[in-house]
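To start, the structure itself, in structure tokens.
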Amino acid sequence: MTPPRRRRGADRTAAPARTLPRRGAVRRAQVITTYGVGSLIAVDQESFIVCGIDNAEEQWPRDEAPVIHERRLARVLGVDRFRLPPASGDASRDGVRVRRFPLWHHCPECQALDHVRNFNSPPGRNECGECSEPLVPSRFVVACEDGHIADFPYWKWLHRGRRGDGEAGFCGGRMSLRSSGRTSSLRSVVLSCSCGVPDVSMEGSFRRGALADLKIRCEGKRPWLKDAPDLFCTQSPRTLQRGSSSVWQPVLRSALSIPPWSDTRVQALDGHWDALRSYSTTAEIEIYLKGVFKGAPSPIGADKVMELLAAMEAEDPAGESGPAADQEQRYRALRDVEYERLCAGNPEDSGSHSEQFVCEPPTGDESSLAGLGLTPPMLVKKLREVRALKAFTRVIDPETSSEGHEAALSLTPTDWLPAMEVHGEGVFLRLDEAMIDAWAEAPTVAERVERIRRRHQQVLAERASDPARVPASPAVPRMVLLHTLAHVMIHEWSLDSGYPAASLRERIYSGDGMAGVLIHTATSDSAGSLGGLVAQGEPDRLAKALRSAVRRAEWCSTDPLCLETEISGTGGTNLAACHACVMLPETSCEHNNGLLDRALLVGTPEDPSLGFFAHLLTP
């Protein structure tokens with residue numbers, strides 16, 4: 001990572017115009033999932049915020065930050081392409097740009113608390129000019145649900161209603177921060193000022209209305225965007241720990257490369273699809289291809305292009321000239337097409353190595369799956385997933401936010417987004433439609449899931465930027481069941497497949513006529529396709545793993561509290577679910593560990609029929 005520097009030359013490969021110090025390193029995948037635009041990152045004793053992508057198209061060298069192709073996802077997100085973030089190691093010529101944030105620091109020696117520019121630090125060093133001690137960035141920041149972030153208003157918090165008459169309303173004194181050492185709570189973090197106002201601790205600063213009570217409003221600051229003006233904001237700011245996960249949550253969108261787009265030869269036509277859509281006959285397309293490749297043979301024929309154009313229209317029936325579809329609706333349509341392809345499969349073609357999606361039924365005896373509630377699985381032996389960073393949120397998680405609360409990655413709209421691609425493998429599981437329909441009709445099941453749905457809908461309504469456009473909660477019996485099943489199977493397979501739980505990821509397909517879940521590897525290197533996960537999908541192994549997973553889910557180390565709880569999880573959107581039983585690492589779950597209920601798998605002692613797989617627990 002490097003602080004902002006001047007633009008590089010037109011060839012995008014020359015050395016930077018001036019050399020600036022590097023501030024640590026992060027993996028490329030982390031720039032999408034952990035340290036993306038707008039996030040805070042600690043390097044040694046310093047803290048930085050990752051800059052926006054306004055100038056990154058010119059700054060990132062193409063050989064270190066190549067273009068990623070995924071036409072289906074690009075159409076959904078309204079961009080032309082994706083870029084892989086550059087490497088940030090010592091061998092790279094460039095890196096991710098960062099700026100210092102927060103700007104308020106304190107000296108642990110003299111206990112001074114001030115803006116970093118007022119410490120008279122020696123050039124190139126972040127230390128107190130008087131004590132020569134390294135400065136410590138503020139532990140606290142303020143942020144709002146619209147994504148704005150700023151330094152904690154220490155002066156206003158300390159002086160409250162006793163503000164002096166000094167310049168610009170300030171008292172002119174010097175503030176200090178110390179710890180009384182009596183406890184580890186905020187009560188021991190004490191602020192004082194040389195102007196003589198009474199000392200004030202940080203206790204109560206994290207209360208939801210603490211800043212609003214002092215008439216401290218959000219100033220609409222966006223320090224990750226260069227020269228961004230402050231915005232008018234009606235949200236109440238909240239105090240957060242600088243390292244809290246609530247400070248930054250990525251809004252990710254992903255898509256699988258499926259036929260006909262999974263053929264790598266298709267990438268040769270990127271940038272030409274808008275023109276190709278204007279042609280309706282094979283002859284016209286052949287003429288266009290001759291012009292594109294200057295008479296050389298086209299990697300794909302005109303018939304294949306016609307197939308691709310038909311697939312494009314199938315996912316976007318309105319076409320370019322029709323009314324713009326809601327992005328979330330288009331994203332759901334993208335998932336529907338993936339479900340159909342996972343069900344249909346795509347056998348491996350030994351004559352071609354350009355196919356990125358291979359999905360086949362297992363070769364073993366499927367009789368071992370009889371009566372389990374599963375249909376025969378599909379083994380996804382080759383898989384490519386593209387994950388794009390669309391935006392980010394603060395304070396609230398992306399699952400319960402609306403687009404109005406999503407903070408943009410750039411000051412002006414761009415025609416590209418940062419993304420990463422994952423090559424791996426997976427197992428596609430489907431529940432028996434007749435069995436799940438009969439189970440979901442039970443009044444006790446419907447009543448239990450309704451409690452989850454009602455609470456989730458309330459959270460969505462509270463966080464919606466437009467009360468007239470509150471999204472509907474996806475919590476229905478089959479969705480909550482599939483989600484919980486995916487979690488317990490990931491835990492089970494992590495013990496047998498050689499992958500830790502954090503390296504596996506769920507992809508849920510729930511809806512009318514859909515009841516499936518794809519569990520696939522989530523690593524971005526070659527270790528994601530070693531075959532260990534696909535082997536778990538063979539019928540005999542799958543049957544054993546499912547029985548074992550259900551038995552593990554029957555008991556939690558926090559029972560009976562976990563199983564009998566009336567509300568749990570962030571926002572209260574879970575029932576029987578905790579980190580001791582079904583919750584996963586955040587990177588593995590599509591719904592931020594919400595909408596989970598272990599009782600839907602195994603039932604309760606009072607009502608075993610609640611559990612879809614309760615019949616597997618009988619001796």
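The way I read the labels, and the way they are meant: chains A, B, ... in the order of the structure tokens, residue 1 as the first residue of every chain, and ligand 1 as the first ligand shown, with later ones counted on from there.
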Do you know which residues are at most 8 Å from Leu575 of chain A counting only C-alpha atoms, after dropping those on the same chain fewer than 6 positions away, and could you put them as a ChimeraX atom specification? /A:452,562-563,565-569,596-598
How would the residues just chosen look if you wrote them out with C-alpha atoms as a short mmCIF file (atom, residue, chain, number, x, y, z; two decimals), in the first residue's frame?
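Dumped to part-v5.cif:
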data_model
loop_
_atom_site.label_atom_id
_atom_site.label_comp_id
_atom_site.auth_asym_id
_atom_site.auth_seq_id
_atom_site.Cartn_x
_atom_site.Cartn_y
_atom_site.Cartn_z
CA ILE A 452 -37.62 -14.69 12.18
CA CYS A 562 -29.31 -21.86 22.62
CA LEU A 563 -32.22 -24.08 21.61
CA THR A 565 -33.79 -18.72 23.02
CA GLU A 566 -36.49 -16.43 21.69
CA ILE A 567 -34.12 -14.09 19.88
CA SER A 568 -30.42 -14.12 18.97
CA GLY A 569 -27.93 -12.91 16.43
CA LEU A 596 -30.52 -19.31 11.05
CA ASP A 597 -32.42 -21.79 13.22
CA ARG A 598 -30.99 -25.15 14.24
#
Find the residues around segment 240-251 of chain A up to 8 Å (only C-alpha atoms counted), leave out those fewer than 3 positions away in its own chain, and share them as a ChimeraX atom specification. /A:32-34,36,38-40,138-143,206,389-398,406
Can those selected residues be exported to a file as a tab-separated table (two decimals), in the first residue's frame so that it contains C-alpha atoms?
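File produced: result_35.tsv:
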chain	number	residue	atom	x	y	z
A	32	ILE	CA	-12.18	-6.91	-1.88
A	33	THR	CA	-13.28	-8.56	1.35
A	34	THR	CA	-11.41	-6.94	4.26
A	36	GLY	CA	-11.47	-2.42	0.47
A	38	GLY	CA	-13.20	3.19	2.64
A	39	SER	CA	-11.91	0.68	5.19
A	40	LEU	CA	-9.43	1.41	7.96
A	138	SER	CA	-7.37	7.75	18.04
A	139	ARG	CA	-9.08	4.58	19.23
A	140	PHE	CA	-12.47	6.08	18.44
A	141	VAL	CA	-14.16	7.36	15.30
A	142	VAL	CA	-17.72	8.43	14.49
A	143	ALA	CA	-19.69	7.07	11.56
A	206	PHE	CA	-21.05	4.45	22.55
A	389	LEU	CA	-16.87	-4.94	-4.57
A	390	LYS	CA	-19.91	-2.84	-5.40
A	391	ALA	CA	-19.97	-0.50	-2.38
A	392	PHE	CA	-19.67	-0.66	1.41
A	393	THR	CA	-21.67	0.13	4.53
A	394	ARG	CA	-20.89	1.38	8.00
A	395	VAL	CA	-22.67	0.76	11.30
A	396	ILE	CA	-25.18	-1.58	9.63
A	397	ASP	CA	-24.44	-4.80	7.78
A	398	PRO	CA	-25.10	-5.06	4.01
A	406	GLU	CA	-24.38	2.13	0.50
Exercise: segment 421-437 of chain A partners within 6 Å, only C-alpha atoms, chain neighbours under 4 positions left out, as a list in words: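 Neighbouring residues, sequence-local ones excluded: Gly373, Leu374, Thr375, Pro377, Met378, Leu379, Val380, Lys381, Lys382, Leu383, Arg384, Glu385, Val386, Ala515, Gly516, Val517, Leu518, Ile519, His520, Thr521, Ser524, Gly528, Ser529, Val534 and Gly537 of chain A.
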Could you pull out the residues in segment 318-515 of chain A that DSSP calls helix (DSSP H, G or I) from the backbone, as a VMD selection string? chain A and resid 327 to 344 366 to 369 398 to 400 403 to 405 433 to 440 443 to 463 467 to 469 477 to 496 501 to 503
For the strand (DSSP E) assignment from backbone DSSP, which residues of segment 149-385 of chain A qualify? Please present them as an MDAnalysis selection string. chainID A and resid 149:151 175:179 189:193 200:201 238:241 249:256 358:360 374:385
Quote the spacing between atom CA of Glu403 of chain A and atom CA of Ser465 of chain A in Å to one decimal place. 7.9 Å
